Every structure is written in structure tokens, then in C-alpha cells.
$ cat upload-v3.cif   # mmCIF, C-alpha atoms and all ligand atoms
data_run
loop_
_atom_site.group_PDB
_atom_site.id
_atom_site.type_symbol
_atom_site.label_atom_id
_atom_site.label_comp_id
_atom_site.auth_asym_id
_atom_site.auth_seq_id
_atom_site.Cartn_x
_atom_site.Cartn_y
_atom_site.Cartn_z
ATOM 1 C CA MET O 1 0.000 0.000 0.000
ATOM 2 C CA GLN O 2 1.220 3.465 -0.882
ATOM 3 C CA LEU O 3 -0.070 6.666 0.697
ATOM 4 C CA LEU O 4 -1.399 9.359 -1.607
ATOM 5 C CA ASP O 5 0.203 12.245 0.216
ATOM 6 C CA GLY O 6 -2.102 15.218 -0.265
ATOM 7 C CA LYS O 7 -0.136 17.369 2.133
ATOM 8 C CA LYS O 8 3.110 17.003 0.173
ATOM 9 C CA THR O 9 1.358 17.329 -3.203
ATOM 10 C CA SER O 10 -0.471 20.455 -2.035
ATOM 11 C CA GLN O 11 2.848 21.939 -0.878
ATOM 12 C CA ASP O 12 4.375 21.188 -4.312
ATOM 13 C CA ILE O 13 1.480 22.975 -6.035
ATOM 14 C CA GLN O 14 1.786 25.922 -3.658
ATOM 15 C CA LEU O 15 5.502 26.264 -4.475
ATOM 16 C CA GLU O 16 4.666 26.206 -8.187
ATOM 17 C CA LEU O 17 1.984 28.852 -7.716
ATOM 18 C CA ALA O 18 4.316 31.017 -5.607
ATOM 19 C CA ASP O 19 6.833 30.992 -8.495
ATOM 20 C CA LEU O 20 4.119 31.849 -11.018
ATOM 21 C CA VAL O 21 2.865 34.771 -8.914
ATOM 22 C CA LYS O 22 6.376 36.070 -8.361
ATOM 23 C CA ALA O 23 7.071 36.029 -12.101
ATOM 24 C CA LYS O 24 3.724 37.640 -12.859
ATOM 25 C CA VAL O 25 4.159 40.442 -10.335
ATOM 26 C CA ALA O 26 7.737 41.045 -11.570
ATOM 27 C CA LYS O 27 6.221 41.706 -15.001
ATOM 28 C CA GLY O 28 3.786 44.217 -13.533
ATOM 29 C CA GLY O 29 0.858 41.797 -13.194
ATOM 30 C CA LYS O 30 -1.598 41.685 -10.345
ATOM 31 C CA SER O 31 -1.255 39.330 -7.421
ATOM 32 C CA PRO O 32 -4.504 37.335 -7.057
ATOM 33 C CA HIS O 33 -6.841 38.432 -4.258
ATOM 34 C CA LEU O 34 -9.167 35.884 -2.638
ATOM 35 C CA ALA O 35 -11.905 36.824 -0.188
ATOM 36 C CA ALA O 36 -13.467 34.233 2.094
ATOM 37 C CA VAL O 37 -16.799 34.818 3.794
ATOM 38 C CA LEU O 38 -17.456 32.971 7.033
ATOM 39 C CA VAL O 39 -20.859 33.194 8.698
ATOM 40 C CA GLY O 40 -21.060 32.184 12.368
ATOM 41 C CA GLU O 41 -18.659 30.497 14.746
ATOM 42 C CA ASP O 42 -18.558 26.844 13.612
ATOM 43 C CA GLY O 43 -15.162 25.553 14.757
ATOM 44 C CA ALA O 44 -14.501 23.275 11.773
ATOM 45 C CA SER O 45 -15.482 25.953 9.230
ATOM 46 C CA LEU O 46 -13.232 28.486 10.977
ATOM 47 C CA THR O 47 -10.327 26.010 10.782
ATOM 48 C CA TYR O 48 -10.896 25.425 7.050
ATOM 49 C CA VAL O 49 -11.263 29.105 6.208
ATOM 50 C CA ASN O 50 -8.178 30.041 8.213
ATOM 51 C CA ALA O 51 -6.235 27.330 6.364
ATOM 52 C CA LYS O 52 -7.358 28.789 3.026
ATOM 53 C CA VAL O 53 -6.385 32.334 4.019
ATOM 54 C CA LYS O 54 -2.989 31.210 5.348
ATOM 55 C CA ALA O 55 -2.311 29.288 2.138
ATOM 56 C CA CYS O 56 -2.973 32.482 0.155
ATOM 57 C CA GLU O 57 -0.348 34.303 2.187
ATOM 58 C CA ARG O 58 2.164 31.476 1.633
ATOM 59 C CA VAL O 59 1.915 31.711 -2.143
ATOM 60 C CA GLY O 60 1.921 35.511 -2.277
ATOM 61 C CA PHE O 61 -1.801 36.055 -2.945
ATOM 62 C CA LYS O 62 -3.761 38.739 -1.163
ATOM 63 C CA SER O 63 -6.581 37.502 1.027
ATOM 64 C CA SER O 64 -9.460 38.988 2.990
ATOM 65 C CA LEU O 65 -11.392 37.111 5.635
ATOM 66 C CA ILE O 66 -14.881 38.480 6.133
ATOM 67 C CA LYS O 67 -16.376 37.173 9.377
ATOM 68 C CA LEU O 68 -20.091 37.716 9.756
ATOM 69 C CA SER O 69 -22.444 37.086 12.665
ATOM 70 C CA GLN O 70 -24.450 33.859 12.881
ATOM 71 C CA SER O 71 -27.555 36.038 13.084
ATOM 72 C CA ILE O 72 -26.936 37.956 9.841
ATOM 73 C CA SER O 73 -30.051 38.062 7.660
ATOM 74 C CA GLU O 74 -30.144 36.551 4.184
ATOM 75 C CA GLU O 75 -30.643 40.014 2.738
ATOM 76 C CA GLU O 76 -27.583 41.398 4.525
ATOM 77 C CA LEU O 77 -25.473 38.478 3.328
ATOM 78 C CA LEU O 78 -26.690 39.085 -0.230
ATOM 79 C CA GLU O 79 -25.553 42.700 0.125
ATOM 80 C CA GLU O 80 -22.080 41.547 1.232
ATOM 81 C CA ILE O 81 -21.907 39.318 -1.836
ATOM 82 C CA GLU O 82 -22.980 42.126 -4.131
ATOM 83 C CA ALA O 83 -20.217 44.288 -2.655
ATOM 84 C CA LEU O 84 -17.640 41.552 -3.405
ATOM 85 C CA ASN O 85 -19.033 41.113 -6.923
ATOM 86 C CA ASN O 86 -18.520 44.844 -7.508
ATOM 87 C CA ASN O 87 -15.130 45.158 -5.820
ATOM 88 C CA SER O 88 -12.626 45.156 -8.681
ATOM 89 C CA ASP O 89 -9.709 44.409 -6.336
ATOM 90 C CA ILE O 90 -11.232 41.021 -5.389
ATOM 91 C CA ASP O 91 -10.552 38.446 -8.112
ATOM 92 C CA GLY O 92 -12.370 35.518 -6.539
ATOM 93 C CA PHE O 93 -14.312 34.736 -3.393
ATOM 94 C CA ILE O 94 -15.942 31.909 -1.531
ATOM 95 C CA VAL O 95 -18.767 31.681 0.972
ATOM 96 C CA GLN O 96 -17.900 28.871 3.350
ATOM 97 C CA LEU O 97 -20.655 26.253 3.684
ATOM 98 C CA PRO O 98 -22.704 25.202 5.550
ATOM 99 C CA LEU O 99 -24.616 28.417 6.233
ATOM 100 C CA PRO O 100 -27.010 28.912 9.153
ATOM 101 C CA LYS O 101 -30.416 27.274 8.584
ATOM 102 C CA HIS O 102 -32.273 30.574 8.089
ATOM 103 C CA ILE O 103 -30.187 31.308 4.965
ATOM 104 C CA ASP O 104 -30.986 29.668 1.636
ATOM 105 C CA GLU O 105 -27.663 28.317 0.305
ATOM 106 C CA THR O 106 -28.967 28.093 -3.260
ATOM 107 C CA LYS O 107 -29.929 31.766 -3.252
ATOM 108 C CA ILE O 108 -26.453 32.669 -1.989
ATOM 109 C CA THR O 109 -24.714 30.466 -4.561
ATOM 110 C CA LEU O 110 -26.745 32.065 -7.337
ATOM 111 C CA ALA O 111 -25.795 35.574 -6.178
ATOM 112 C CA VAL O 112 -22.044 35.023 -6.658
ATOM 113 C CA ASP O 113 -20.679 36.459 -9.913
ATOM 114 C CA PRO O 114 -19.746 33.307 -11.923
ATOM 115 C CA THR O 115 -16.470 34.947 -13.000
ATOM 116 C CA LYS O 116 -15.448 35.247 -9.310
ATOM 117 C CA ASP O 117 -16.900 31.886 -8.237
ATOM 118 C CA VAL O 118 -13.614 30.143 -7.441
ATOM 119 C CA ASP O 119 -15.533 27.358 -5.633
ATOM 120 C CA GLY O 120 -17.199 26.475 -8.946
ATOM 121 C CA PHE O 121 -20.606 26.207 -7.234
ATOM 122 C CA HIS O 122 -22.643 28.578 -9.433
ATOM 123 C CA PRO O 123 -25.013 26.680 -11.786
ATOM 124 C CA GLN O 124 -23.381 28.372 -14.771
ATOM 125 C CA ASN O 125 -20.015 26.914 -13.783
ATOM 126 C CA VAL O 126 -21.496 23.520 -12.858
ATOM 127 C CA GLY O 127 -23.103 23.439 -16.316
ATOM 128 C CA ARG O 128 -19.854 24.377 -18.026
ATOM 129 C CA MET O 129 -18.059 21.625 -16.096
ATOM 130 C CA ALA O 130 -20.702 19.088 -17.154
ATOM 131 C CA LEU O 131 -20.204 20.116 -20.794
ATOM 132 C CA GLY O 132 -16.406 19.987 -20.503
ATOM 133 C CA LEU O 133 -16.037 23.743 -21.130
ATOM 134 C CA PRO O 134 -13.308 25.769 -19.413
ATOM 135 C CA THR O 135 -14.490 26.922 -15.982
ATOM 136 C CA PHE O 136 -13.675 26.934 -12.274
ATOM 137 C CA LEU O 137 -13.804 23.278 -11.222
ATOM 138 C CA PRO O 138 -15.073 22.627 -7.682
ATOM 139 C CA ALA O 139 -12.112 22.507 -5.340
ATOM 140 C CA THR O 140 -12.484 19.122 -3.671
ATOM 141 C CA PRO O 141 -13.248 16.976 -6.758
ATOM 142 C CA ASN O 142 -10.594 18.801 -8.751
ATOM 143 C CA GLY O 143 -8.144 18.287 -5.887
ATOM 144 C CA VAL O 144 -8.785 14.541 -6.144
ATOM 145 C CA ILE O 145 -8.242 14.676 -9.925
ATOM 146 C CA GLU O 146 -4.956 16.552 -9.421
ATOM 147 C CA LEU O 147 -3.792 13.987 -6.854
ATOM 148 C CA LEU O 148 -4.578 11.079 -9.221
ATOM 149 C CA LYS O 149 -2.763 12.929 -12.023
ATOM 150 C CA ARG O 150 0.387 13.625 -10.019
ATOM 151 C CA TYR O 151 0.593 10.026 -8.767
ATOM 152 C CA LYS O 152 0.033 8.845 -12.385
ATOM 153 C CA ILE O 153 -2.891 6.620 -11.347
ATOM 154 C CA GLN O 154 -4.422 5.086 -14.469
ATOM 155 C CA THR O 155 -8.147 5.811 -14.644
ATOM 156 C CA GLU O 156 -9.013 5.050 -18.281
ATOM 157 C CA GLY O 157 -11.406 2.105 -18.556
ATOM 158 C CA LYS O 158 -11.277 1.509 -14.802
ATOM 159 C CA ASN O 159 -14.337 0.891 -12.664
ATOM 160 C CA CYS O 160 -14.701 3.956 -10.479
ATOM 161 C CA VAL O 161 -17.310 3.964 -7.746
ATOM 162 C CA VAL O 162 -18.189 7.296 -6.145
ATOM 163 C CA VAL O 163 -19.963 6.998 -2.794
ATOM 164 C CA GLY O 164 -22.157 10.041 -2.099
ATOM 165 C CA ARG O 165 -24.056 12.425 -4.371
ATOM 166 C CA SER O 166 -23.540 15.864 -2.811
ATOM 167 C CA ASN O 167 -23.487 18.923 -5.050
ATOM 168 C CA ILE O 168 -20.030 19.816 -3.734
ATOM 169 C CA VAL O 169 -18.248 16.475 -4.066
ATOM 170 C CA GLY O 170 -20.004 13.265 -5.173
ATOM 171 C CA SER O 171 -21.944 14.570 -8.124
ATOM 172 C CA PRO O 172 -19.122 16.648 -9.730
ATOM 173 C CA MET O 173 -16.617 13.879 -8.905
ATOM 174 C CA SER O 174 -18.635 11.410 -10.969
ATOM 175 C CA ILE O 175 -18.723 13.863 -13.893
ATOM 176 C CA LEU O 176 -14.972 14.539 -13.800
ATOM 177 C CA MET O 177 -14.038 10.855 -13.590
ATOM 178 C CA SER O 178 -16.264 9.890 -16.523
ATOM 179 C CA ARG O 179 -15.432 12.753 -18.846
ATOM 180 C CA LYS O 180 -12.928 12.474 -21.687
ATOM 181 C CA GLY O 181 -9.436 13.183 -20.434
ATOM 182 C CA ASN O 182 -6.689 12.041 -18.160
ATOM 183 C CA PRO O 183 -7.552 11.507 -15.357
ATOM 184 C CA GLY O 184 -10.990 10.561 -16.634
ATOM 185 C CA ASN O 185 -12.397 8.045 -19.120
ATOM 186 C CA ALA O 186 -13.427 5.823 -16.202
ATOM 187 C CA THR O 187 -16.608 3.760 -16.040
ATOM 188 C CA VAL O 188 -18.339 5.500 -13.175
ATOM 189 C CA THR O 189 -21.029 4.248 -10.812
ATOM 190 C CA LEU O 190 -22.439 6.659 -8.253
ATOM 191 C CA VAL O 191 -23.918 5.095 -5.121
ATOM 192 C CA HIS O 192 -25.672 6.863 -2.236
ATOM 193 C CA SER O 193 -27.738 6.380 0.898
ATOM 194 C CA ARG O 194 -30.641 4.776 -1.022
ATOM 195 C CA THR O 195 -28.487 2.327 -2.993
ATOM 196 C CA LYS O 196 -29.294 -1.348 -2.453
ATOM 197 C CA ASN O 197 -26.429 -3.784 -1.867
ATOM 198 C CA MET O 198 -23.892 -1.001 -1.783
ATOM 199 C CA SER O 199 -21.007 -3.238 -0.788
ATOM 200 C CA GLU O 200 -21.590 -5.488 -3.840
ATOM 201 C CA ILE O 201 -20.949 -2.415 -5.984
ATOM 202 C CA THR O 202 -18.066 -0.902 -4.007
ATOM 203 C CA LYS O 203 -16.301 -4.294 -4.101
ATOM 204 C CA GLU O 204 -16.092 -3.976 -7.896
ATOM 205 C CA ALA O 205 -14.307 -0.610 -7.730
ATOM 206 C CA ASP O 206 -10.766 -0.272 -9.058
ATOM 207 C CA ILE O 207 -10.978 3.310 -7.800
ATOM 208 C CA LEU O 208 -13.228 3.983 -4.812
ATOM 209 C CA ILE O 209 -13.952 7.624 -3.968
ATOM 210 C CA VAL O 210 -15.840 8.029 -0.712
ATOM 211 C CA ALA O 211 -17.706 11.230 0.142
ATOM 212 C CA LEU O 212 -20.695 10.048 2.127
ATOM 213 C CA GLY O 213 -20.130 12.017 5.308
ATOM 214 C CA ILE O 214 -20.336 9.100 7.760
ATOM 215 C CA PRO O 215 -17.242 8.428 9.898
ATOM 216 C CA GLU O 216 -15.508 5.112 9.092
ATOM 217 C CA PHE O 217 -18.415 3.845 6.980
ATOM 218 C CA ILE O 218 -16.281 1.867 4.503
ATOM 219 C CA ASN O 219 -14.735 -1.306 5.923
ATOM 220 C CA ALA O 220 -12.335 -3.791 4.361
ATOM 221 C CA ASP O 221 -15.161 -6.127 3.228
ATOM 222 C CA MET O 222 -16.478 -3.346 0.982
ATOM 223 C CA VAL O 223 -13.166 -2.874 -0.864
ATOM 224 C CA LYS O 224 -11.555 -4.875 -3.675
ATOM 225 C CA GLU O 225 -8.016 -6.161 -3.150
ATOM 226 C CA GLY O 226 -5.599 -3.678 -4.779
ATOM 227 C CA ALA O 227 -8.122 -0.841 -5.152
ATOM 228 C CA VAL O 228 -7.204 2.853 -5.091
ATOM 229 C CA VAL O 229 -9.142 4.410 -2.201
ATOM 230 C CA ILE O 230 -9.804 8.148 -1.930
ATOM 231 C CA ASP O 231 -11.328 9.256 1.368
ATOM 232 C CA VAL O 232 -12.980 12.666 1.140
ATOM 233 C CA GLY O 233 -14.605 12.514 4.593
ATOM 234 C CA ILE O 234 -13.271 14.433 7.558
ATOM 235 C CA HIS O 235 -14.953 14.237 10.951
ATOM 236 C CA ARG O 236 -14.149 15.297 14.460
ATOM 237 C CA VAL O 237 -14.791 12.149 16.474
ATOM 238 C CA GLU O 238 -14.863 12.699 20.237
ATOM 239 C CA ASP O 239 -11.992 11.055 22.060
ATOM 240 C CA ALA O 240 -11.230 11.953 25.668
ATOM 241 C CA THR O 241 -7.665 10.623 25.308
ATOM 242 C CA ALA O 242 -6.874 13.079 22.480
ATOM 243 C CA LYS O 243 -5.282 16.430 23.355
ATOM 244 C CA ARG O 244 -8.044 18.476 21.703
ATOM 245 C CA GLY O 245 -10.813 16.102 22.858
ATOM 246 C CA PHE O 246 -11.370 14.738 19.338
ATOM 247 C CA ARG O 247 -9.599 12.860 16.564
ATOM 248 C CA LEU O 248 -9.968 13.411 12.842
ATOM 249 C CA LYS O 249 -11.470 10.420 11.024
ATOM 250 C CA GLY O 250 -12.461 9.882 7.417
ATOM 251 C CA ASP O 251 -15.336 7.968 5.839
ATOM 252 C CA VAL O 252 -13.030 4.927 5.542
ATOM 253 C CA LYS O 253 -11.753 2.590 8.276
ATOM 254 C CA PHE O 254 -8.159 3.418 7.483
ATOM 255 C CA GLU O 255 -6.383 0.651 9.434
ATOM 256 C CA GLU O 256 -8.201 -2.301 7.904
ATOM 257 C CA VAL O 257 -8.731 -0.865 4.414
ATOM 258 C CA SER O 258 -5.135 0.325 3.979
ATOM 259 C CA SER O 259 -3.789 -3.208 4.341
ATOM 260 C CA LYS O 260 -5.918 -4.304 1.376
ATOM 261 C CA CYS O 261 -5.595 -1.519 -1.183
ATOM 262 C CA SER O 262 -2.826 -0.330 -3.519
ATOM 263 C CA PHE O 263 -3.129 3.411 -2.773
ATOM 264 C CA ILE O 264 -5.039 5.310 -0.107
ATOM 265 C CA THR O 265 -5.385 8.903 1.071
ATOM 266 C CA PRO O 266 -4.832 9.470 4.791
ATOM 267 C CA VAL O 267 -7.116 11.631 6.952
ATOM 268 C CA PRO O 268 -5.855 14.203 7.744
ATOM 269 C CA GLY O 269 -3.250 14.925 5.061
ATOM 270 C CA GLY O 270 -5.032 13.502 2.025
ATOM 271 C CA VAL O 271 -7.849 15.229 0.187
ATOM 272 C CA GLY O 272 -8.154 18.216 2.594
ATOM 273 C CA PRO O 273 -4.889 19.920 1.580
ATOM 274 C CA MET O 274 -5.666 19.190 -2.085
ATOM 275 C CA THR O 275 -8.916 21.150 -1.756
ATOM 276 C CA ILE O 276 -6.850 24.145 -0.705
ATOM 277 C CA ALA O 277 -4.357 23.692 -3.562
ATOM 278 C CA SER O 278 -7.241 23.482 -5.993
ATOM 279 C CA LEU O 279 -8.867 26.639 -4.633
ATOM 280 C CA LEU O 280 -5.550 28.457 -5.049
ATOM 281 C CA MET O 281 -5.254 27.230 -8.660
ATOM 282 C CA ASN O 282 -8.743 28.587 -9.355
ATOM 283 C CA THR O 283 -7.890 31.886 -7.679
ATOM 284 C CA TYR O 284 -4.757 32.198 -9.811
ATOM 285 C CA GLN O 285 -6.951 31.690 -12.900
ATOM 286 C CA SER O 286 -9.506 34.253 -11.705
ATOM 287 C CA VAL O 287 -7.302 37.294 -12.327
ATOM 288 C CA ASN O 288 -8.333 39.224 -15.395
ATOM 289 C CA ASP O 289 -5.233 40.952 -16.718
HETATM 290 N N1 LIG J 301 -17.693 23.453 2.868
HETATM 291 C C1 LIG J 301 -17.130 22.238 2.693
HETATM 292 N N2 LIG J 301 -16.352 22.230 1.582
HETATM 293 C C2 LIG J 301 -16.427 23.473 1.058
HETATM 294 C C3 LIG J 301 -15.840 24.076 -0.088
HETATM 295 O O1 LIG J 301 -15.096 23.478 -0.869
HETATM 296 N N3 LIG J 301 -16.162 25.394 -0.283
HETATM 297 C C4 LIG J 301 -16.994 26.078 0.539
HETATM 298 N N4 LIG J 301 -17.257 27.335 0.235
HETATM 299 N N5 LIG J 301 -17.554 25.533 1.602
HETATM 300 C C5 LIG J 301 -17.275 24.242 1.857
#
$ encode --input "upload-v3.cif" --output "C-alpha cells" --more "lines below"
Ligand code: GUN
Amino acid sequence: MQLLDGKKTSQDIQLELADLVKAKVAKGGKSPHLAAVLVGEDGASLTYVNAKVKACERVGFKSSLIKLSQSISEEELLEEIEALNNNSDIDGFIVQLPLPKHIDETKITLAVDPTKDVDGFHPQNVGRMALGLPTFLPATPNGVIELLKRYKIQTEGKNCVVVGRSNIVGSPMSILMSRKGNPGNATVTLVHSRTKNMSEITKEADILIVALGIPEFINADMVKEGAVVIDVGIHRVEDATAKRGFRLKGDVKFEEVSSKCSFITPVPGGVGPMTIASLLMNTYQSVND
């Protein structure tokens, strides 16, 4: 078994981007500016957003963190988004999800200018992705694609099973793995919470991509010998013996599955850092100059 080291790969990409920005700025170009909007005090979301902002600083991008109260109204949040849409210094921005229950996420997603939508969540960008047109690809699925590419994992003609059908990960992941290209050209099956005999299907996967959102859901019996396993899940599981009171776990039982597969992403240090690298790549592309 070989680890797919997302942390190292993300660092490599960040070094490449830092060089690109340096060269661009030396020629009088603009350094990319990412804004991140965080609503409320959710600890995990704060960690992710801070990681994104710090990564911007590392590669020489500008970044702005906009922290808003949990009790902000939908209308006020829409006004913040409009201001970012109209701010010519901001090249791209994200609104960290999930949002408080009183705010309609679809409405917010639709309000983001598609040319600044570096998360690739706007329907216009989702549609362009589905048609294979140039666009901002959603950060997590594209991070997985980049990891497969850099480890030269063959995907053409392989059985790829995607577990989970979320708008952010499962659904776009299935599109990217099946589309023409490398990585791509896989035979993709998407399974979800209503799938019957899920383990019969996952056991046929040469490449198993798990984004179901249930800690340690996938066990060794559900995985084919020699499979490539990508674990998108990340959960804080309470553990009184851990320093912070919790441990990070994925959607895959790492210990037992890792002894059976050919490649696997660890949690943490697998897909998470690749999401950040992918967001930075999109932000680099978002500059219009
Ligand atoms: N919440 C979980 N993943 C993501 C992501 O990639 N982008 C945003 N904006 N929110 C998220």
C-alpha cells in the first residue's frame, strides 16, 4: 500500500503557484486576491477558512477574511456578496458552507458572480463543467483529480465507484471521472444512501472515492483487493484521550482498508490539503489581466 500524500502534493502545487505569482508580479501583473466569507462560529469551518487564508499568504496572494455574525439576515449576506461582486480588487471569493439554517444556500450560490466563483458552485459553472467547457472546477473533486494525475494513477477504462451524491463532491466527482481526459475516461457508478447492496458495488471498484459524510463507513469487506481508495470525509470524532478532545477520522476505516488496497489517502493529510491547492489554482486563474 502506498499513501497518496495530499499534504506534500499540495505543498508542491503551492511552491509552483508562488513561483508563477512572483514572475507575474515582476512583469507588472496583479497578485490574485481571494476573499473568504465565514458566517457564524462553527469551529470546523473556521479552521478550514483560516487554512485557506494562510495558504494564500504562503503563495503571495492577497486575502481577505470576512467574518459575519451567525444572526446575519439573508438580505444582509446578499448585500455583502454584491459588494464583493462589484469590488474590482477582489478576483475571486468563496462563501464557506454550511450556512445557518435561516439562509438559503442556493440563493447565496446564485448571487455570486460566476467569473469570481472560485468554488465552482454557481449553476453556470457547474453546467460548463458538465459540458467539458473551461471553468472553475469545484475545489475538492478537482483536488482529487490533481492527486490522481500527479501520482500517475491510471483511470481510463477503470471501474470507479463514487460513494455520495452531494453537489459539492459526489456529483461533480462522478462527472470529472467519466469525462474524456486524463484523469478521466473511467466507467463511473455513483452510489448513495438509497443504494441497495452497496457493498456489492463498491467491491467492484478499481478506484473507490468516498464522500458520504459518515465516519468510518467503509470497511475492508467493501473494498476490492488492490483498489485505489480516496477518502474525502473528515470528521471530528470525540476522544477523551486526544489532546483536543477529538480525533480526525475519514469515511473509511483506514487501518483495515489500507492493508488491502494499492493506494489510499490518509485523513488528515489527504484530500483536505488538495482542496486548498485546488482553490488556489482557481484563484490564480480568476485574475483578469
Ligand atoms: N464546505 C465544505 N467544503 C467546502 C468548499 O469546498 N467550499 C466552501 N465554500 N464551503 C465548503
$ residues_near_ligand --input "upload-v3.cif" --ligand "ligand LIG 301 (chain J)" --cutoff "9 Å" --atoms "all atoms listed in the file" --output "list in words"
Ala36, Val37, Leu38, Ser45, Tyr48, Val49, Phe93, Ile94, Val95, Gln96, Leu97, Pro98, Leu99, Val118, Asp119, Gly120, Phe121, Pro138, Ala139, Thr140, Pro141, Ile168, Val169, Thr275, Ile276 and Leu279 of chain O
$ write_last_selection --input "upload-v3.cif" --atoms "C-alpha atoms" --output "CSV table (one decimal), keeping the file's coordinate frame"
chain,number,residue,atom,x,y,z
O,36,ALA,CA,-13.5,34.2,2.1
O,37,VAL,CA,-16.8,34.8,3.8
O,38,LEU,CA,-17.5,33.0,7.0
O,45,SER,CA,-15.5,26.0,9.2
O,48,TYR,CA,-10.9,25.4,7.0
O,49,VAL,CA,-11.3,29.1,6.2
O,93,PHE,CA,-14.3,34.7,-3.4
O,94,ILE,CA,-15.9,31.9,-1.5
O,95,VAL,CA,-18.8,31.7,1.0
O,96,GLN,CA,-17.9,28.9,3.4
O,97,LEU,CA,-20.7,26.3,3.7
O,98,PRO,CA,-22.7,25.2,5.6
O,99,LEU,CA,-24.6,28.4,6.2
O,118,VAL,CA,-13.6,30.1,-7.4
O,119,ASP,CA,-15.5,27.4,-5.6
O,120,GLY,CA,-17.2,26.5,-8.9
O,121,PHE,CA,-20.6,26.2,-7.2
O,138,PRO,CA,-15.1,22.6,-7.7
O,139,ALA,CA,-12.1,22.5,-5.3
O,140,THR,CA,-12.5,19.1,-3.7
O,141,PRO,CA,-13.2,17.0,-6.8
O,168,ILE,CA,-20.0,19.8,-3.7
O,169,VAL,CA,-18.2,16.5,-4.1
O,275,THR,CA,-8.9,21.2,-1.8
O,276,ILE,CA,-6.8,24.1,-0.7
O,279,LEU,CA,-8.9,26.6,-4.6
$ closest_residue --input "upload-v3.cif" --among "O:Asp231, O:Gln2, O:Ala211, O:Lys152" --to "Ser174 of chain O" --atoms "only C-alpha atoms"
O:Ala211
$ atom_distance --input "upload-v3.cif" --atom1 "atom CA of Ile264 of chain O" --atom2 "atom CA of Ile209 of chain O"
10.0 Å
$ atom_distance --input "upload-v3.cif" --atom1 "atom CA of Val229 of chain O" --atom2 "atom CA of Thr195 of chain O"
19.5 Å
$ resolve_selection --input "upload-v3.cif" --expression "the PyMOL selection byres (((chain O and resi 151) around 10) and not hetatm)" --output "JSON list (two decimals) with C-alpha atoms, keeping the file's coordinate frame"
[["chain", "number", "residue", "atom", "x", "y", "z"],
["O", 4, "LEU", "CA", -1.40, 9.36, -1.61],
["O", 5, "ASP", "CA", 0.20, 12.24, 0.22],
["O", 9, "THR", "CA", 1.36, 17.33, -3.20],
["O", 146, "GLU", "CA", -4.96, 16.55, -9.42],
["O", 147, "LEU", "CA", -3.79, 13.99, -6.85],
["O", 148, "LEU", "CA", -4.58, 11.08, -9.22],
["O", 149, "LYS", "CA", -2.76, 12.93, -12.02],
["O", 150, "ARG", "CA", 0.39, 13.62, -10.02],
["O", 152, "LYS", "CA", 0.03, 8.85, -12.38],
["O", 153, "ILE", "CA", -2.89, 6.62, -11.35],
["O", 154, "GLN", "CA", -4.42, 5.09, -14.47],
["O", 263, "PHE", "CA", -3.13, 3.41, -2.77]]
$ closest_residue --input "upload-v3.cif" --among "O:Pro114, O:Thr106, O:Asn142, O:Asp89" --to "Met281 of chain O" --atoms "all atoms listed in the file"
O:Asn142
$ resolve_selection --input "upload-v3.cif" --expression "the PyMOL selection byres (((chain O and resi 226) around 10) and not hetatm)" --output "list in words"
Met1, Ala205, Asp206, Ile207, Val223, Lys224, Glu225, Ala227, Val228, Val229, Ser258, Ser259, Lys260, Cys261, Ser262 and Phe263 of chain O
$ build_atoms --input "upload-v3.cif" --residues "segment 207-219 of chain O" --atoms "N, CA, C and O atoms" --output "compact mmCIF listing (two decimals), keeping the file's coordinate frame"
# COMPACT_ATOMS: atom_id res chain seq x y z
N ILE O 207 -11.22 2.03 -8.48
CA ILE O 207 -10.98 3.31 -7.80
C ILE O 207 -12.24 3.62 -6.99
O ILE O 207 -13.34 3.70 -7.56
N LEU O 208 -12.08 3.75 -5.69
CA LEU O 208 -13.23 3.98 -4.81
C LEU O 208 -13.07 5.37 -4.19
O LEU O 208 -12.08 5.63 -3.49
N ILE O 209 -14.03 6.24 -4.48
CA ILE O 209 -13.95 7.62 -3.97
C ILE O 209 -15.12 7.81 -3.00
O ILE O 209 -16.28 7.69 -3.40
N VAL O 210 -14.80 8.06 -1.74
CA VAL O 210 -15.84 8.03 -0.71
C VAL O 210 -16.09 9.43 -0.16
O VAL O 210 -15.20 10.05 0.41
N ALA O 211 -17.32 9.90 -0.35
CA ALA O 211 -17.71 11.23 0.14
C ALA O 211 -19.14 11.15 0.64
O ALA O 211 -20.04 11.82 0.15
N LEU O 212 -19.34 10.30 1.62
CA LEU O 212 -20.70 10.05 2.13
C LEU O 212 -20.98 10.88 3.37
O LEU O 212 -22.13 11.20 3.68
N GLY O 213 -19.94 11.20 4.11
CA GLY O 213 -20.13 12.02 5.31
C GLY O 213 -20.49 11.21 6.54
O GLY O 213 -21.10 11.72 7.47
N ILE O 214 -20.11 9.93 6.57
CA ILE O 214 -20.34 9.10 7.76
C ILE O 214 -18.97 8.55 8.21
O ILE O 214 -18.30 7.87 7.43
N PRO O 215 -18.57 8.86 9.46
CA PRO O 215 -17.24 8.43 9.90
C PRO O 215 -17.05 6.92 9.79
O PRO O 215 -17.92 6.14 10.21
N GLU O 216 -15.96 6.51 9.18
CA GLU O 216 -15.51 5.11 9.09
C GLU O 216 -16.58 4.16 8.55
O GLU O 216 -16.74 3.04 9.00
N PHE O 217 -17.32 4.64 7.56
CA PHE O 217 -18.42 3.84 6.98
C PHE O 217 -17.89 2.67 6.14
O PHE O 217 -18.46 1.59 6.14
N ILE O 218 -16.80 2.90 5.42
CA ILE O 218 -16.28 1.87 4.50
C ILE O 218 -15.31 0.95 5.25
O ILE O 218 -14.28 1.40 5.77
N ASN O 219 -15.64 -0.35 5.29
CA ASN O 219 -14.74 -1.31 5.92
C ASN O 219 -14.06 -2.17 4.86
O ASN O 219 -14.36 -2.06 3.66
